[in-house]
>>> print(open('my_file-v5.txt').read())   # compact mmCIF, C-alpha atoms
# COMPACT_ATOMS: atom_id res chain seq x y z
CA MET A 229 -6.11 23.92 -15.32
CA LYS A 230 -3.94 23.12 -18.33
CA GLY A 231 -1.00 20.75 -18.06
CA ILE A 232 1.46 18.60 -19.98
CA LEU A 233 4.43 16.34 -19.30
CA GLY A 234 7.88 17.11 -20.64
CA LYS A 235 11.60 16.50 -20.44
CA LYS A 236 14.29 19.04 -19.57
CA ILE A 237 16.63 19.61 -22.51
CA GLY A 238 18.90 22.25 -20.97
CA MET A 239 19.45 25.97 -20.49
CA THR A 240 20.43 28.67 -22.94
CA GLN A 241 19.82 32.38 -23.45
CA ILE A 242 17.82 34.59 -25.79
CA PHE A 243 17.65 38.31 -26.43
CA ASN A 244 14.55 40.48 -26.18
CA GLU A 245 13.67 43.55 -28.27
CA ARG A 246 15.81 45.81 -26.05
CA GLY A 247 18.87 43.60 -26.44
CA GLU A 248 18.71 42.23 -22.88
CA VAL A 249 19.94 38.70 -22.22
CA ILE A 250 17.25 36.40 -20.80
CA PRO A 251 18.23 32.99 -19.34
CA VAL A 252 15.76 30.32 -20.46
CA THR A 253 15.18 26.59 -20.13
CA VAL A 254 14.24 24.50 -23.16
CA ILE A 255 11.71 21.75 -22.45
CA GLU A 256 10.57 18.97 -24.76
CA ALA A 257 6.87 19.08 -23.86
CA GLY A 258 4.77 16.24 -25.21
CA PRO A 259 3.27 14.86 -27.21
CA CYS A 260 1.25 13.28 -24.41
CA PHE A 261 -1.74 10.95 -24.54
CA VAL A 262 -4.77 10.79 -22.25
CA ALA A 263 -4.57 7.36 -20.65
CA GLN A 264 -7.56 7.79 -18.33
CA VAL A 265 -10.25 10.33 -17.43
CA LYS A 266 -11.28 10.15 -13.77
CA SER A 267 -14.65 11.35 -12.51
CA ILE A 268 -16.10 12.10 -9.09
CA GLU A 269 -18.83 9.45 -9.41
CA ARG A 270 -16.42 6.61 -10.21
CA ASP A 271 -13.10 7.63 -8.64
CA GLY A 272 -14.02 10.22 -6.00
CA TYR A 273 -12.22 13.06 -7.75
CA SER A 274 -11.86 14.48 -11.26
CA ALA A 275 -8.54 14.35 -13.12
CA ILE A 276 -6.89 13.21 -16.31
CA GLN A 277 -3.98 10.79 -16.52
CA LEU A 278 -1.34 11.68 -19.09
CA GLY A 279 1.21 9.32 -20.62
CA PHE A 280 4.53 10.47 -22.03
CA GLU A 281 7.53 9.03 -23.91
CA GLU A 282 6.93 5.89 -25.91
CA VAL A 283 9.16 2.91 -25.01
CA LYS A 284 9.52 -0.75 -25.92
CA PRO A 285 6.87 -3.07 -24.40
CA LYS A 286 9.49 -4.99 -22.40
CA ARG A 287 10.12 -1.82 -20.32
CA LEU A 288 6.65 -2.13 -18.74
CA ASN A 289 4.96 -4.87 -16.76
CA LYS A 290 1.73 -6.58 -17.83
CA PRO A 291 -0.68 -4.48 -15.69
CA GLN A 292 0.80 -1.28 -17.12
CA LEU A 293 0.56 -2.56 -20.69
CA GLN A 294 -3.04 -3.73 -20.20
CA HIS A 295 -3.98 -0.36 -18.70
CA LEU A 296 -2.68 1.46 -21.77
CA ARG A 297 -4.24 -1.01 -24.21
CA LYS A 298 -7.70 -0.13 -22.88
CA SER A 299 -7.22 3.31 -24.46
CA ASP A 300 -5.47 1.91 -27.58
CA LEU A 301 -2.20 3.57 -26.56
CA PRO A 302 1.38 2.41 -27.16
CA PRO A 303 3.68 1.58 -24.21
CA LEU A 304 4.40 4.87 -22.39
CA ARG A 305 7.17 5.31 -19.85
CA TYR A 306 5.57 7.95 -17.62
CA LEU A 307 2.01 8.24 -16.30
CA ARG A 308 1.00 11.27 -14.25
CA GLU A 309 -2.30 12.76 -13.13
CA ILE A 310 -3.42 16.37 -13.39
CA ARG A 311 -6.30 17.42 -11.16
CA MET A 312 -8.94 19.64 -12.74
CA ASP A 313 -12.63 20.48 -12.52
CA GLU A 314 -15.04 17.83 -13.70
CA GLU A 315 -16.24 20.15 -16.47
CA ASP A 316 -12.68 20.59 -17.78
CA ALA A 317 -11.86 16.88 -17.43
CA SER A 318 -14.96 15.93 -19.42
CA ARG A 319 -13.52 17.72 -22.46
CA PHE A 320 -10.78 15.11 -22.74
CA LYS A 321 -11.24 11.64 -24.20
CA GLU A 322 -9.14 8.55 -23.54
CA GLY A 323 -6.54 8.16 -26.27
CA GLN A 324 -6.59 11.88 -27.10
CA LYS A 325 -3.27 13.47 -28.05
CA VAL A 326 -2.15 16.54 -26.09
CA THR A 327 0.52 18.75 -27.64
CA VAL A 328 2.50 21.81 -26.59
CA ASP A 329 0.24 24.18 -28.54
CA LEU A 330 -1.97 24.00 -25.45
CA PHE A 331 0.13 26.94 -24.20
CA GLU A 332 0.97 30.32 -25.72
CA ALA A 333 3.89 32.70 -25.32
CA GLY A 334 3.30 35.17 -22.49
CA GLU A 335 1.45 32.70 -20.24
CA TYR A 336 2.76 31.74 -16.81
CA VAL A 337 3.29 28.15 -15.68
CA ASP A 338 4.34 26.17 -12.63
CA VAL A 339 7.00 23.55 -13.35
CA THR A 340 7.42 20.51 -11.08
CA GLY A 341 10.41 18.18 -11.18
CA THR A 342 12.80 16.14 -9.03
CA SER A 343 15.82 18.10 -7.84
CA LYS A 344 19.35 16.80 -8.27
CA GLY A 345 20.46 14.42 -5.52
CA ARG A 346 23.41 15.70 -3.45
CA GLY A 347 23.80 12.73 -1.14
CA PHE A 348 24.59 13.19 2.56
CA ALA A 349 25.46 16.85 3.19
CA GLY A 350 26.47 18.87 6.22
CA VAL A 351 24.72 21.95 7.56
CA VAL A 352 26.98 24.42 5.70
CA LYS A 353 26.07 22.99 2.28
CA ARG A 354 22.55 21.85 3.14
CA HIS A 355 21.28 24.88 5.07
CA GLY A 356 23.89 27.58 4.47
CA PHE A 357 25.25 27.69 8.04
CA ARG A 358 28.21 29.97 8.64
CA GLY A 359 30.15 27.41 10.69
CA GLY A 360 32.31 27.90 13.74
CA PRO A 361 35.11 30.42 14.35
CA THR A 362 38.42 30.09 12.52
CA THR A 363 40.47 31.09 15.57
CA HIS A 364 40.49 30.85 19.39
CA GLY A 365 41.94 27.37 19.35
CA GLN A 366 39.35 25.56 17.27
CA SER A 367 40.71 22.79 15.08
CA ASP A 368 37.70 20.81 13.86
CA ARG A 369 34.60 23.00 14.36
CA LEU A 370 34.71 25.04 11.16
CA ARG A 371 31.81 23.27 9.42
CA ALA A 372 30.09 21.87 12.52
CA PRO A 373 26.48 22.79 13.42
CA GLY A 374 27.31 23.80 17.00
CA SER A 375 24.87 23.31 19.88
CA ILE A 376 21.64 21.61 18.81
CA GLY A 377 19.53 21.84 21.97
CA ALA A 378 19.20 22.57 25.69
CA CYS A 379 19.80 20.20 28.62
CA LYS A 380 16.84 19.94 30.98
CA THR A 381 14.20 21.86 29.07
CA PRO A 382 12.90 20.53 26.73
CA GLY A 383 15.31 17.63 27.23
CA ARG A 384 15.18 16.55 23.59
CA ILE A 385 15.97 17.76 20.10
CA MET A 386 13.07 19.75 18.69
CA LYS A 387 11.35 18.38 15.60
CA GLY A 388 12.46 20.03 12.37
CA LYS A 389 15.91 21.01 13.67
CA ARG A 390 18.22 21.80 10.76
CA MET A 391 20.94 19.17 10.84
CA PRO A 392 23.12 17.19 8.42
CA GLY A 393 21.28 14.69 6.24
CA HIS A 394 20.12 13.70 2.79
CA MET A 395 20.07 16.64 0.40
CA GLY A 396 18.19 16.94 -2.88
CA ASN A 397 16.29 14.27 -4.83
CA GLU A 398 13.00 15.87 -3.77
CA ARG A 399 9.88 16.99 -5.59
CA VAL A 400 10.29 20.72 -6.24
CA THR A 401 7.90 23.19 -7.88
CA VAL A 402 9.02 26.51 -9.34
CA GLN A 403 6.06 28.85 -9.67
CA GLY A 404 5.34 31.66 -12.07
CA LEU A 405 7.71 31.00 -14.97
CA GLU A 406 6.92 32.99 -18.08
CA ILE A 407 6.65 31.17 -21.40
CA MET A 408 8.97 32.91 -23.85
CA MET A 409 8.41 30.73 -26.91
CA VAL A 410 6.34 27.76 -28.11
CA ASP A 411 7.44 25.56 -31.02
CA PRO A 412 4.67 23.02 -31.82
CA GLU A 413 6.58 21.53 -34.78
CA ARG A 414 9.46 20.38 -32.56
CA ASN A 415 7.40 20.00 -29.35
CA LEU A 416 9.52 22.61 -27.58
CA LEU A 417 8.55 24.94 -24.76
CA VAL A 418 10.95 27.73 -23.72
CA VAL A 419 10.40 29.21 -20.24
CA ARG A 420 12.20 32.03 -18.50
CA GLY A 421 14.57 30.99 -15.71
CA ALA A 422 15.61 27.62 -14.33
CA VAL A 423 13.55 24.52 -13.61
CA PRO A 424 14.27 21.71 -11.13
CA GLY A 425 16.19 18.56 -11.97
CA ALA A 426 18.93 17.31 -14.21
CA GLN A 427 19.03 17.11 -17.99
CA ASN A 428 16.44 14.67 -19.41
CA GLY A 429 14.54 14.75 -16.11
CA LEU A 430 10.74 14.44 -16.15
CA LEU A 431 8.80 17.69 -15.70
CA LEU A 432 5.15 18.47 -15.09
CA ILE A 433 4.14 21.81 -16.59
CA ARG A 434 0.85 23.27 -15.37
CA GLN A 435 -0.96 26.57 -15.65
CA ALA A 436 0.14 28.98 -12.90
CA ARG A 437 -2.06 28.69 -9.81
CA LYS A 438 -1.50 32.15 -8.41
CA THR A 439 -4.20 34.58 -9.50
CA ARG A 440 -1.90 37.58 -9.79
CA LEU A 441 0.15 35.83 -12.47
CA LEU A 442 -2.94 34.90 -14.45
CA LYS A 443 -4.15 38.50 -14.32
CA LYS A 444 -0.73 39.70 -15.41
CA ALA A 445 -0.71 37.33 -18.38
CA ARG A 446 -4.15 38.52 -19.54
CA LYS A 447 -3.08 42.19 -19.70
>>> encode(input="my_file-v5.txt", output="structure tokens")
Amino acid sequence: MKGILGKKIGMTQIFNERGEVIPVTVIEAGPCFVAQVKSIERDGYSAIQLGFEEVKPKRLNKPQLQHLRKSDLPPLRYLREIRMDEEDASRFKEGQKVTVDLFEAGEYVDVTGTSKGRGFAGVVKRHGFRGGPTTHGQSDRLRAPGSIGACKTPGRIMKGKRMPGHMGNERVTVQGLEIMMVDPERNLLVVRGAVPGAQNGLLLIRQARKTRLLKKARK
């Protein structure tokens, strides 16, 4: 399981050999540093902790700074873990630098980020409801959810009912994005399609988990 942290730069488009337009997202991936290597014997599971984006020391508290100093690392804004087998995790050393050349063009990745926050939204915007009729005397039911439950049975609103509420600002993963280009000199990763979140948002890029995509990439 390969992975790296990055920052969303924005979207653009490229052309393939046949002249077709391909929408792509440009990601500033890395460089990251291994802040900690976790093992089953000591921590109960195996993983590596990656740090990304160097900042001034005053941006971090003392426990965070001390944690990074153990690995002789500068102050890093983001720390995230990537689970992997103990054999794979043992290949990494604390303080090791991880760059975007970990990936190659043609591979498939899963990209995780935080979606844009939309605030409090109604059912039409949040869930795509059609709304009420525009005639037959209605005056204020156009974007209303309508009936939300029965009377006697079950006598309550069922759990998970789609209703108005907070929209966005959630952890979202887009699976199976193809890597179109890798630029190690500028730490850029170009993937096909869109990724979650706003510009400059933190992203976690990992090797695609679905077997069919891995098989497709190896062909």
>>> residues_around(input="my_file-v5.txt", residues="A:Lys266", least_positions_apart="6", cutoff="7 Å", atoms="all atoms listed in the file", output="number ranges by chain")
A: 273-276
>>> closest_residue(input="my_file-v5.txt", among="A:Phe331, A:Ser267, A:Asn289, A:Lys321", to="A:Asp411", atoms="all atoms listed in the file")
A:Phe331
>>> residues_around(input="my_file-v5.txt", residues="A:Pro412", least_positions_apart="6", cutoff="9 Å", atoms="only C-alpha atoms", output="PyMOL selection string")
chain A and resi 327-329
>>> write_last_selection(input="my_file-v5.txt", atoms="C-alpha atoms", output="JSON list (two decimals), in the frame of the given file")
[["chain", "number", "residue", "atom", "x", "y", "z"],
["A", 327, "THR", "CA", 0.52, 18.75, -27.64],
["A", 328, "VAL", "CA", 2.50, 21.81, -26.59],
["A", 329, "ASP", "CA", 0.24, 24.18, -28.54]]
>>> atom_distance(input="my_file-v5.txt", atom1="atom CA of A:Ile242", atom2="atom CA of A:Arg434")
22.9 Å
>>> closest_residue(input="my_file-v5.txt", among="A:Gln264, A:Asn415, A:Gln403, A:Ser343", to="A:His295", atoms="only C-alpha atoms")
A:Gln264
>>> residues_around(input="my_file-v5.txt", residues="stretch 348-364 of chain A", least_positions_apart="3", cutoff="9 Å", atoms="only C-alpha atoms", output="ChimeraX atom specification")
/A:367-374,390-396
>>> closest_residue(input="my_file-v5.txt", among="A:Ala426, A:Met229, A:Pro251, A:Arg305", to="A:Val283", atoms="all atoms listed in the file")
A:Arg305
>>> atom_distance(input="my_file-v5.txt", atom1="atom CA of A:Glu281", atom2="atom CA of A:Gly421")
24.5 Å
>>> closest_residue(input="my_file-v5.txt", among="A:Ile407, A:Leu430, A:Ile255, A:Val249", to="A:Tyr336", atoms="all atoms listed in the file")
A:Ile407
>>> axis_aligned_box(input="my_file-v5.txt", around="stretch 299-302 of chain A", padding_each_side="5 Å", output="AutoDock Vina command-line options")
--center_x -2.9 --center_y 2.7 --center_z -26.0 --size_x 18.6 --size_y 11.7 --size_z 13.1
>>> closest_residue(input="my_file-v5.txt", among="A:Gln292, A:Thr340, A:Glu245, A:Glu335", to="A:Gly429", atoms="all atoms listed in the file")
A:Thr340
>>> residues_around(input="my_file-v5.txt", residues="A:Leu416", least_positions_apart="3", cutoff="12 Å", atoms="all atoms listed in the file", output="MDAnalysis selection string")
chainID A and resid 232:238 253:259 327:333 407:413 419
>>> atom_distance(input="my_file-v5.txt", atom1="atom CA of A:Gly365", atom2="atom CA of A:Lys380")
28.6 Å
>>> closest_residue(input="my_file-v5.txt", among="A:Arg346, A:Val337, A:Leu417, A:Ala263", to="A:Lys298", atoms="only C-alpha atoms")
A:Ala263
